[in-house]
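run_17.csv (CSV, C-alpha atoms and all ligand atoms)
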chain,number,residue,atom,x,y,z
A,69,MET,CA,99.4,119.0,93.6
A,70,LYS,CA,102.8,119.4,95.3
A,71,ILE,CA,103.8,116.8,98.0
A,72,LEU,CA,106.8,117.3,100.1
A,73,ILE,CA,108.1,114.0,101.7
A,74,THR,CA,110.6,114.2,104.5
A,75,GLY,CA,112.8,111.1,104.9
A,76,ALA,CA,112.0,110.4,101.2
A,77,ALA,CA,115.0,108.1,100.8
A,78,GLY,CA,114.0,105.9,103.8
A,79,PHE,CA,111.8,102.9,103.7
A,80,VAL,CA,108.4,104.5,104.1
A,81,GLY,CA,109.3,107.8,102.5
A,82,TYR,CA,110.5,106.2,99.3
A,83,GLN,CA,107.4,103.9,99.1
A,84,MET,CA,105.1,107.0,99.6
A,85,ALA,CA,106.9,108.8,96.8
A,86,LYS,CA,106.6,105.8,94.5
A,87,TYR,CA,102.8,105.5,95.2
A,88,PHE,CA,102.2,109.2,94.7
A,89,LYS,CA,103.9,109.1,91.3
A,90,GLU,CA,102.0,105.9,90.4
A,91,HIS,CA,98.5,107.1,91.5
A,92,TYR,CA,98.4,110.7,90.4
A,93,THR,CA,99.1,112.2,87.1
A,94,ASP,CA,99.3,115.8,88.3
A,95,VAL,CA,101.6,115.4,91.3
A,96,MET,CA,105.0,117.0,91.9
A,97,VAL,CA,106.9,115.1,94.6
A,98,ILE,CA,109.7,116.8,96.4
A,99,GLY,CA,111.8,114.8,98.8
A,100,ILE,CA,114.3,115.7,101.5
A,101,ASP,CA,116.6,113.3,103.3
A,102,ASN,CA,119.8,113.7,105.2
A,103,LEU,CA,120.8,110.1,104.2
A,104,SER,CA,121.6,109.2,107.8
A,105,ARG,CA,119.9,105.8,107.3
A,106,ARG,CA,122.6,103.5,105.9
A,107,GLY,CA,121.2,102.4,102.5
A,108,SER,CA,119.0,105.4,102.0
A,109,GLU,CA,121.6,106.7,99.5
A,110,TYR,CA,120.6,103.9,97.1
A,111,ASN,CA,117.0,105.3,96.9
A,112,VAL,CA,118.2,108.7,95.7
A,113,PRO,CA,118.7,107.7,92.1
A,114,LEU,CA,115.4,105.7,92.2
A,115,LEU,CA,113.6,108.9,93.4
A,116,LYS,CA,115.1,110.8,90.5
A,117,GLU,CA,114.1,108.0,88.1
A,118,LEU,CA,110.5,108.4,89.4
A,119,GLY,CA,110.7,112.1,88.5
A,120,CYS,CA,110.9,113.4,92.1
A,121,THR,CA,112.9,116.5,93.0
A,122,PHE,CA,115.4,115.5,95.7
A,123,PHE,CA,117.1,117.7,98.3
A,124,HIS,CA,120.0,116.4,100.3
A,125,GLY,CA,119.1,118.3,103.5
A,126,ASP,CA,118.4,118.0,107.2
A,127,ILE,CA,115.1,118.8,108.9
A,128,ARG,CA,117.1,119.7,112.1
A,129,ASN,CA,118.4,122.7,110.2
A,130,LYS,CA,115.8,125.4,110.0
A,131,GLU,CA,117.4,126.9,106.9
A,132,ASP,CA,117.2,123.6,105.1
A,133,VAL,CA,113.5,123.4,105.8
A,134,ASP,CA,112.8,127.1,105.0
A,135,ASP,CA,114.6,126.8,101.7
A,136,LEU,CA,112.3,123.9,100.5
A,137,PRO,CA,109.7,124.8,97.9
A,138,LYS,CA,106.1,125.5,98.9
A,139,ALA,CA,103.9,122.3,98.9
A,140,ASP,CA,100.3,121.6,99.4
A,141,TRP,CA,101.1,118.7,101.9
A,142,ILE,CA,104.0,117.6,103.9
A,143,VAL,CA,104.2,113.9,104.6
A,144,ASP,CA,106.6,113.6,107.4
A,145,CYS,CA,108.6,110.3,107.2
A,146,ALA,CA,111.9,111.6,108.6
A,147,ALA,CA,112.8,110.3,112.0
A,148,ASN,CA,115.2,108.3,114.0
A,149,PRO,CA,112.8,105.3,114.4
A,150,SER,CA,114.7,103.3,116.9
A,151,VAL,CA,113.2,102.6,120.3
A,152,LEU,CA,116.7,102.3,121.6
A,153,ALA,CA,117.7,105.8,120.2
A,154,GLY,CA,119.0,108.3,122.7
A,155,LEU,CA,119.9,105.7,125.3
A,156,GLN,CA,123.7,105.9,124.8
A,157,GLY,CA,125.5,109.2,124.4
A,158,GLY,CA,123.5,112.3,124.2
A,159,SER,CA,119.7,112.1,124.0
A,160,PHE,CA,119.4,115.6,122.5
A,161,GLY,CA,120.3,114.3,119.0
A,162,LEU,CA,117.1,112.2,119.1
A,163,ILE,CA,115.0,115.1,120.4
A,164,ASN,CA,116.5,117.4,117.8
A,165,ASN,CA,115.6,115.0,115.0
A,166,ASN,CA,112.2,113.8,116.0
A,167,LEU,CA,110.8,116.8,117.8
A,168,ILE,CA,112.6,120.0,116.8
A,169,GLY,CA,112.6,118.9,113.2
A,170,THR,CA,108.8,118.5,113.4
A,171,ILE,CA,108.5,122.0,114.7
A,172,TYR,CA,110.4,123.5,111.8
A,173,LEU,CA,108.0,121.5,109.5
A,174,LEU,CA,104.9,122.8,111.3
A,175,GLU,CA,106.2,126.3,111.0
A,176,LYS,CA,106.6,125.8,107.3
A,177,CYS,CA,103.0,124.4,107.1
A,178,LYS,CA,101.8,127.5,108.9
A,179,ARG,CA,103.6,129.8,106.5
A,180,ASP,CA,102.6,128.0,103.4
A,181,ASN,CA,99.1,126.9,104.6
A,182,ALA,CA,100.1,123.4,103.8
A,183,GLY,CA,98.6,120.2,105.3
A,184,PHE,CA,100.7,118.0,107.5
A,185,ILE,CA,100.6,114.2,107.8
A,186,MET,CA,102.6,112.8,110.6
A,187,LEU,CA,103.7,109.2,110.8
A,188,SER,CA,103.6,108.5,114.4
A,189,THR,CA,104.1,105.2,116.2
A,190,SER,CA,102.5,102.7,118.5
A,191,ARG,CA,105.5,103.4,120.7
A,192,VAL,CA,103.6,106.3,122.2
A,193,TYR,CA,101.6,103.7,124.3
A,194,SER,CA,102.6,103.1,127.9
A,195,ILE,CA,105.0,100.2,128.3
A,196,ASP,CA,103.7,99.5,131.9
A,197,GLU,CA,100.1,99.3,130.7
A,198,LEU,CA,101.1,97.1,127.7
A,199,ASN,CA,102.7,94.8,130.1
A,200,LYS,CA,99.4,94.4,132.0
A,201,ILE,CA,97.6,93.0,128.9
A,202,PRO,CA,96.4,89.5,129.9
A,203,LEU,CA,98.1,87.0,127.7
A,204,THR,CA,97.7,83.3,127.1
A,205,GLU,CA,100.7,81.2,126.0
A,206,THR,CA,100.0,78.9,123.0
A,207,GLU,CA,102.6,76.6,121.5
A,208,GLY,CA,104.1,79.3,119.3
A,209,SER,CA,102.9,82.6,120.5
A,210,PHE,CA,101.5,84.9,123.2
A,211,VAL,CA,97.8,85.6,122.3
A,212,ILE,CA,95.3,88.0,124.0
A,213,SER,CA,93.4,86.1,126.7
A,214,LYS,CA,89.7,86.0,126.1
A,215,ASP,CA,87.1,87.1,128.6
A,216,ALA,CA,89.7,88.7,130.8
A,217,GLN,CA,89.9,92.1,132.5
A,218,TYR,CA,91.7,94.4,130.1
A,219,PRO,CA,93.5,97.8,130.7
A,220,HIS,CA,91.6,100.9,129.6
A,221,GLY,CA,91.7,101.3,125.8
A,222,PHE,CA,92.3,97.6,125.2
A,223,SER,CA,90.0,94.9,123.8
A,224,GLU,CA,90.3,91.6,122.0
A,225,LEU,CA,90.9,93.8,118.9
A,226,GLY,CA,94.1,95.2,120.4
A,227,VAL,CA,95.3,98.7,121.5
A,228,ALA,CA,92.9,101.6,120.7
A,229,GLU,CA,93.7,105.3,120.6
A,230,SER,CA,92.4,105.8,124.2
A,231,PHE,CA,95.1,103.4,125.6
A,232,SER,CA,97.4,105.1,128.2
A,233,THR,CA,100.3,107.1,126.9
A,234,ALA,CA,101.8,107.5,130.3
A,235,ALA,CA,105.6,107.1,130.7
A,236,PRO,CA,107.6,105.0,130.3
A,237,ILE,CA,107.1,105.0,126.6
A,238,SER,CA,110.8,105.2,125.6
A,239,LEU,CA,112.6,108.4,124.5
A,240,TYR,CA,111.7,107.6,120.9
A,241,GLY,CA,108.0,107.3,121.9
A,242,SER,CA,108.1,110.5,123.9
A,243,THR,CA,109.6,112.6,121.0
A,244,LYS,CA,106.8,111.2,118.8
A,245,LEU,CA,104.1,111.9,121.4
A,246,ALA,CA,105.3,115.4,121.9
A,247,SER,CA,105.3,116.0,118.1
A,248,GLU,CA,101.7,114.7,118.0
A,249,VAL,CA,100.6,117.2,120.7
A,250,LEU,CA,102.3,120.1,118.9
A,251,ALA,CA,101.0,119.1,115.5
A,252,LEU,CA,97.4,119.0,116.8
A,253,GLU,CA,97.9,122.3,118.6
A,254,TYR,CA,99.2,124.0,115.4
A,255,HIS,CA,96.1,122.6,113.6
A,256,TYR,CA,93.7,124.0,116.1
A,257,THR,CA,95.5,127.3,116.4
A,258,PHE,CA,96.5,128.1,112.8
A,259,GLY,CA,93.8,126.1,110.9
A,260,PHE,CA,95.9,124.1,108.5
A,261,PRO,CA,94.9,120.4,108.1
A,262,VAL,CA,96.8,117.9,110.3
A,263,TRP,CA,96.4,114.1,110.3
A,264,ILE,CA,98.3,111.9,112.7
A,265,ASP,CA,98.7,108.2,111.7
A,266,ARG,CA,99.9,106.2,114.7
A,267,CYS,CA,101.4,103.2,112.9
A,268,GLY,CA,102.1,99.7,114.2
A,269,VAL,CA,105.0,97.9,112.5
A,270,ILE,CA,105.1,98.7,108.8
A,271,ALA,CA,106.9,96.0,106.7
A,272,GLY,CA,107.4,95.3,103.1
A,273,PRO,CA,109.9,95.2,100.2
A,274,GLY,CA,112.6,97.9,100.2
A,275,GLN,CA,113.7,97.8,103.8
A,276,PHE,CA,117.4,97.8,104.5
A,277,GLY,CA,117.3,94.9,106.9
A,278,LYS,CA,118.5,96.7,110.0
A,279,ILE,CA,116.8,95.6,113.2
A,280,ASP,CA,115.7,99.1,114.2
A,281,GLN,CA,113.8,99.4,110.9
A,282,GLY,CA,111.7,96.4,111.5
A,283,ILE,CA,112.0,92.8,112.7
A,284,PHE,CA,110.2,91.1,109.8
A,285,SER,CA,112.7,92.1,107.0
A,286,PHE,CA,115.6,91.7,109.4
A,287,TRP,CA,114.7,88.0,110.3
A,288,ILE,CA,114.1,87.1,106.6
A,289,TYR,CA,117.4,88.7,105.5
A,290,GLN,CA,119.3,86.9,108.2
A,291,TYR,CA,118.0,83.6,106.8
A,292,LEU,CA,119.0,84.5,103.3
A,293,LEU,CA,122.5,85.7,104.4
A,294,ASP,CA,122.9,82.5,106.5
A,295,ARG,CA,123.5,84.5,109.7
A,296,PRO,CA,122.6,83.4,113.2
A,297,LEU,CA,119.6,84.6,115.1
A,298,SER,CA,118.6,84.8,118.8
A,299,TYR,CA,115.3,84.8,120.6
A,300,ILE,CA,115.7,87.5,123.3
A,301,GLY,CA,113.4,87.8,126.3
A,302,PHE,CA,110.1,86.5,127.5
A,303,GLY,CA,111.5,83.0,128.2
A,304,GLY,CA,113.6,82.9,125.0
A,305,LYS,CA,111.0,81.0,123.0
A,306,GLY,CA,110.2,83.7,120.5
A,307,LYS,CA,106.6,84.0,121.6
A,308,GLN,CA,106.5,87.8,121.5
A,309,ALA,CA,104.0,88.9,118.9
A,310,ARG,CA,103.5,92.0,116.7
A,311,ASP,CA,101.0,92.9,114.0
A,312,PHE,CA,102.3,94.5,110.8
A,313,PHE,CA,101.0,96.1,107.7
A,314,HIS,CA,102.1,97.1,104.2
A,315,PRO,CA,103.1,100.7,103.2
A,316,ARG,CA,100.5,100.4,100.3
A,317,ASP,CA,97.8,100.3,102.9
A,318,LEU,CA,99.2,103.3,104.7
A,319,PHE,CA,99.2,105.1,101.4
A,320,GLY,CA,95.5,104.3,100.9
A,321,MET,CA,94.8,106.1,104.1
A,322,ILE,CA,97.0,109.1,103.1
A,323,GLN,CA,95.1,109.4,99.8
A,324,MET,CA,91.8,109.6,101.7
A,325,GLN,CA,93.2,112.2,104.2
A,326,ILE,CA,94.5,114.5,101.5
A,327,SER,CA,91.4,114.3,99.4
A,328,ASP,CA,89.2,115.3,102.4
A,329,PRO,CA,91.2,117.6,104.6
A,330,GLU,CA,88.3,119.1,106.4
A,331,LYS,CA,86.5,115.8,107.2
A,332,LYS,CA,84.9,115.9,110.6
A,333,VAL,CA,86.5,112.8,112.1
A,334,SER,CA,89.3,112.1,114.5
A,335,ARG,CA,92.6,113.9,113.6
A,336,LEU,CA,94.6,111.0,115.2
A,337,ILE,CA,94.1,107.3,114.4
A,338,ASN,CA,95.7,104.0,114.8
A,339,LEU,CA,96.8,102.1,111.7
A,340,GLY,CA,98.1,98.5,111.8
A,341,GLY,CA,97.7,95.0,110.7
A,342,GLY,CA,95.4,94.0,113.5
A,343,VAL,CA,94.8,90.6,115.1
A,344,GLU,CA,94.6,88.9,111.7
A,345,ASN,CA,98.1,90.0,110.7
A,346,THR,CA,99.9,89.2,113.9
A,347,TYR,CA,102.9,86.9,114.0
A,348,SER,CA,105.2,85.9,116.8
A,349,LEU,CA,108.9,85.6,116.2
A,350,ALA,CA,108.5,81.8,116.4
A,351,GLN,CA,105.8,81.9,113.7
A,352,LEU,CA,108.0,84.2,111.6
A,353,ASP,CA,110.8,81.8,112.1
A,354,ALA,CA,108.6,78.8,111.0
A,355,PHE,CA,107.8,80.8,107.8
A,356,CYS,CA,111.5,81.3,107.2
A,357,LYS,CA,112.4,77.7,107.8
A,358,GLN,CA,109.7,76.5,105.4
A,359,GLN,CA,110.6,79.0,102.7
A,360,LEU,CA,114.3,79.6,103.1
A,361,GLY,CA,115.9,76.6,104.6
A,362,SER,CA,117.6,75.4,107.8
A,363,GLU,CA,117.3,76.7,111.3
A,364,LYS,CA,119.2,79.9,112.1
A,365,VAL,CA,118.1,80.4,115.7
A,366,ILE,CA,121.1,79.3,117.7
A,367,ASN,CA,120.6,81.2,120.9
A,368,SER,CA,117.9,81.9,123.5
A,369,ILE,CA,118.2,84.6,126.0
A,370,THR,CA,115.5,84.4,128.6
A,371,GLU,CA,115.9,87.9,130.3
A,372,ASN,CA,113.8,90.8,128.9
A,373,ARG,CA,115.4,94.0,127.6
A,374,SER,CA,114.1,97.4,128.6
A,375,PHE,CA,111.3,98.6,126.3
A,376,ASP,CA,110.5,95.1,125.1
A,377,ILE,CA,106.9,94.1,125.3
A,378,PRO,CA,105.4,90.7,124.8
A,379,LEU,CA,102.6,91.6,122.4
A,380,TYR,CA,101.4,94.6,120.4
A,381,VAL,CA,98.3,94.4,118.3
A,382,THR,CA,96.7,97.5,116.7
A,383,ASP,CA,93.0,98.1,117.1
A,384,TYR,CA,92.3,100.0,113.9
A,385,SER,CA,88.5,100.0,114.3
A,386,LEU,CA,88.3,103.8,114.5
A,387,ALA,CA,90.0,104.1,111.1
A,388,GLN,CA,87.6,101.5,109.8
A,389,LYS,CA,84.6,103.3,111.2
A,390,GLU,CA,85.5,106.8,110.1
A,391,TRP,CA,87.3,106.1,106.8
A,392,GLY,CA,86.3,102.5,105.9
A,393,TRP,CA,90.0,101.6,106.2
A,394,LYS,CA,91.4,98.2,106.9
A,395,PRO,CA,94.6,96.5,105.9
A,396,GLU,CA,94.2,94.8,102.5
A,397,ILE,CA,97.5,93.1,102.1
A,398,SER,CA,97.9,90.0,104.4
A,399,GLY,CA,100.8,89.3,106.6
A,400,GLU,CA,101.7,86.3,104.6
A,401,ALA,CA,101.6,88.3,101.3
A,402,ILE,CA,103.9,90.9,102.9
A,403,LEU,CA,106.4,88.2,104.0
A,404,ASN,CA,106.4,86.7,100.5
A,405,GLN,CA,107.0,90.1,99.0
A,406,ILE,CA,110.0,90.7,101.4
A,407,VAL,CA,111.5,87.4,100.4
A,408,GLU,CA,111.1,88.2,96.7
A,409,TYR,CA,112.6,91.6,97.2
A,410,ALA,CA,115.5,90.2,99.2
A,411,ARG,CA,116.3,87.5,96.6
A,412,THR,CA,116.4,90.1,93.8
A,413,ASN,CA,118.5,92.6,95.8
A,414,ILE,CA,120.7,90.2,97.7
A,415,GLU,CA,124.0,91.9,96.6
A,416,LEU,CA,122.7,95.3,97.8
A,417,ILE,CA,121.5,93.8,101.1
A,418,LYS,CA,124.9,92.2,101.7
A,419,LYS,CA,126.6,95.6,101.5
A,420,LEU,CA,124.3,97.3,104.1
B,501,LIG,N1,108.8,101.2,109.8
B,501,LIG,C1,108.0,101.1,110.8
B,501,LIG,O1,107.6,100.0,111.3
B,501,LIG,C2,107.3,102.3,111.5
B,501,LIG,C3,106.3,102.1,112.4
B,501,LIG,C4,105.7,103.2,113.0
B,501,LIG,C5,106.1,104.5,112.6
B,501,LIG,N2,107.1,104.7,111.7
B,501,LIG,C6,107.5,106.0,111.4
B,501,LIG,O2,107.6,106.2,110.0
B,501,LIG,C7,108.6,107.1,109.6
B,501,LIG,C8,109.5,106.4,108.6
B,501,LIG,O3,110.1,105.3,109.2
B,501,LIG,P1,111.0,104.3,108.3
B,501,LIG,O4,110.7,102.9,108.7
B,501,LIG,O5,110.9,104.6,106.8
B,501,LIG,O6,112.5,104.7,108.8
B,501,LIG,P2,113.8,104.9,107.9
B,501,LIG,O7,114.9,105.0,108.8
B,501,LIG,O8,113.9,103.9,106.8
B,501,LIG,O9,113.5,106.3,107.2
B,501,LIG,C9,113.7,107.5,107.8
B,501,LIG,C10,114.5,108.4,106.8
B,501,LIG,O10,114.6,109.7,107.4
B,501,LIG,C11,115.9,110.2,107.1
B,501,LIG,N3,116.2,111.1,108.2
B,501,LIG,C12,116.4,110.9,109.5
B,501,LIG,N4,116.6,112.0,110.1
B,501,LIG,C13,116.5,113.0,109.2
B,501,LIG,C14,116.7,114.4,109.3
B,501,LIG,N5,117.0,115.0,110.4
B,501,LIG,N6,116.5,115.1,108.1
B,501,LIG,C15,116.2,114.5,107.0
B,501,LIG,N7,116.1,113.2,106.8
B,501,LIG,C16,116.2,112.5,108.0
B,501,LIG,C17,116.8,108.9,107.1
B,501,LIG,O11,118.0,109.1,106.4
B,501,LIG,C18,115.9,107.9,106.5
B,501,LIG,O12,116.1,107.8,105.1
B,501,LIG,C19,109.3,107.5,110.9
B,501,LIG,O13,108.7,108.7,111.4
B,501,LIG,C20,108.9,106.4,111.9
B,501,LIG,O14,108.9,106.8,113.2
B,501,LIG,C21,107.7,103.6,111.1

Would you mind writing the file out in C-alpha cells?
Ligand SMILES: NC(=O)c1ccc[n+]([C@@H]2O[C@H](COP(=O)([O-])OP(=O)(O)OC[C@H]3O[C@@H](n4cnc5c(N)ncnc54)[C@H](O)[C@@H]3O)[C@@H](O)[C@H]2O)c1
Amino acid sequence: MKILITGAAGFVGYQMAKYFKEHYTDVMVIGIDNLSRRGSEYNVPLLKELGCTFFHGDIRNKEDVDDLPKADWIVDCAANPSVLAGLQGGSFGLINNNLIGTIYLLEKCKRDNAGFIMLSTSRVYSIDELNKIPLTETEGSFVISKDAQYPHGFSELGVAESFSTAAPISLYGSTKLASEVLALEYHYTFGFPVWIDRCGVIAGPGQFGKIDQGIFSFWIYQYLLDRPLSYIGFGGKGKQARDFFHPRDLFGMIQMQISDPEKKVSRLINLGGGVENTYSLAQLDAFCKQQLGSEKVINSITENRSFDIPLYVTDYSLAQKEWGWKPEISGEAILNQIVEYARTNIELIKKL
C-alpha cells in the first residue's frame, strides 16, 4: 500500500507517517511538505529515518503535485491551520494554500483513482451559532448549561455535524469548508473514496509550541520556558474551554477508513475529545502549576478577540455509531505526554 501524506513534516502529518510505518509492514509512505511551518524542517530527517520518501515541494504548485508518485491514498495534512490566517496582508495566500492546493490533490486522486482523506476542522462551524450555546460559569470553566434550549445540531454532548456552517466561520474555516464541498463533489462525480474528518483540537507530543498550532502545547511550553502568559477575552479569567484528542486516535479512524473505502456510512464525521476531554484555560493552567511550578499568568484582558468562542466541544457520536470510534487517550494522558516530550526536547523548543 502506498500512502501520500501532504504536510508530512508538520505535527499531524509526521505523526500519521510514524503510525503508518509502525502499524503496517507493507506500507510505502511518501511525504511532501514545503517546510513553511517553522520547526517542520526538524521532522525531515526523522521521516527519512522512518523509511519515508520525502519531497520538498508545495501543493500550491500544480507541477509539484503532478510530479508526485502514484499512491493508493492521499492523507491531506498540509494547510495553514491558523484561524487568524489571511487577516493581514493578502488573503489569497491562504486560499491558495488551503483550497487551490486541495483541488490539485483531488485532481491527482481522480487521475490515479486514489482515495482522499481530508483533515478538516471544527472551525467550519458558525461562530454566531457557537456564541448562542447556553453556558453556565463554574469556578474554573464555562460548561454547557443543562436542560436549556440549544441551537440546531447541539446537545449536551457538544457540536454535531448538523450544526450551522453559516458565516462567519473565519477565512481559515471557509477555505476548509469549501475544500470539503469540493472533495465530496469529486467523490460523487468521479467515484474515488473520500473521507472527511472534521477535527476538534488535536494535541500531543511533537508540536512546535506555536499558538496557532494548538493552545495545549503552547501553554505547557511557556511554563517550561518560564515565559509570561495572558488570559484573553471572556472576562479574562481563562474560563474558555476546548476538547482535545490525540493524533493516535485520529490514526485509528484513518485505519478503519482506508480498510473499508466503500462502507455505506457518512462521508463526513466529527472527531474530537468530547465532553470528557474538555479543559478550560484555567484548568490547563492549574495542571501546569501543579506539574511545572509557579504561576505564569501575569495578565488578564477582558475584551474578546474576533473569532474567539467561549466553548467548543465535539459531539463524536456519529463516528461512534458508524465506526465504533471514541477517543481512547485521555486529556490528562495527553498533557502528561506533552510535558514529557517538552522536557526531552527543550533545547529544540527554545530554538523555535
Ligand atoms: N492541530 C489541530 O489542532 C488541528 C485541528 C483540526 C484540523 N487540523 C488540520 O490538520 C492538518 C494538519 O495540522 P497541523 O496541526 O499538523 O499543522 P502544522 O502547521 O503542524 O502542519 C502543516 C504542515 O503543512 C505544511 N504545509 C503548509 N502549506 C503547505 C503547502 N502549500 N505545501 C506543502 N506543505 C505545506 C507545513 O510546512 C506544515 O509542516 C491541517 O489541515 C489542519 O487544518 C489540525

Notebook entry, point to check: Can I get the residues close to ligand LIG 501 (chain B) as a PyMOL selection string, where close means within 7 Å and we count only C-alpha atoms and all ligand atoms?
Noted result: chain A and resi 74-81+100-105+108+125-128+144-149+165+169+187-190+266-271+275+281-282

Note to self: Just want the 8 Å neighbourhood of Ile366 (chain A), counted on only C-alpha atoms, with same-chain residues fewer than 6 positions away dropped. Output as number ranges by chain.
What the structure shows: A: 296-298

Next item on the list: Record the distance separating CA of Gly277 (chain A) and CA of Leu155 (chain A), expressed in Å with one decimal.
Entry: 21.5 Å

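Considering all atoms listed in the file, the residue among A:Gln351, A:Ser194, A:Asn164, A:Thr233 positioned nearest to Gly208 (chain A) is A:Gln351.
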
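For Ser374 (chain A), the non-local neighbours within 12 Å, defined as residues at least 6 positions apart in the same chain or in other chains and counting all atoms listed in the file, are Val151, Leu152, Leu155, Ile195, Asp196, Asn199, Pro236, Ile237, Ser238, Leu239, Ile300, Gly301 and Phe302 of chain A.
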
Next item on the list: Compute the distance from (93.0, 97.3, 128.7) to each atom, counting all atoms listed in the file, keep the residues with any atom at most 12 Å away, and return them as a VMD selection string; use the coordinates of the file.
Entry: chain A and resid 193 to 194 196 to 203 212 to 213 215 to 232 383

Note to self: Would you compute the distance between CA of Arg310 (chain A) and CA of Asn404 (chain A)? Give it in Å to one decimal.
What the structure shows: 17.3 Å

Leaving out Lys86 (chain A) and any residue of its chain fewer than 5 positions from it, which residues lie within 9 Å of it when counting only C-alpha atoms, given as a CSV table (one decimal) with C-alpha atoms, in the frame of the given file?
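Contents of the output file result-v7.csv:
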chain,number,residue,atom,x,y,z
A,81,GLY,CA,109.3,107.8,102.5
A,91,HIS,CA,98.5,107.1,91.5
A,115,LEU,CA,113.6,108.9,93.4
A,118,LEU,CA,110.5,108.4,89.4

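CA of Asn372 (chain A) sits 8.2 Å away from CA of Gly303 (chain A).
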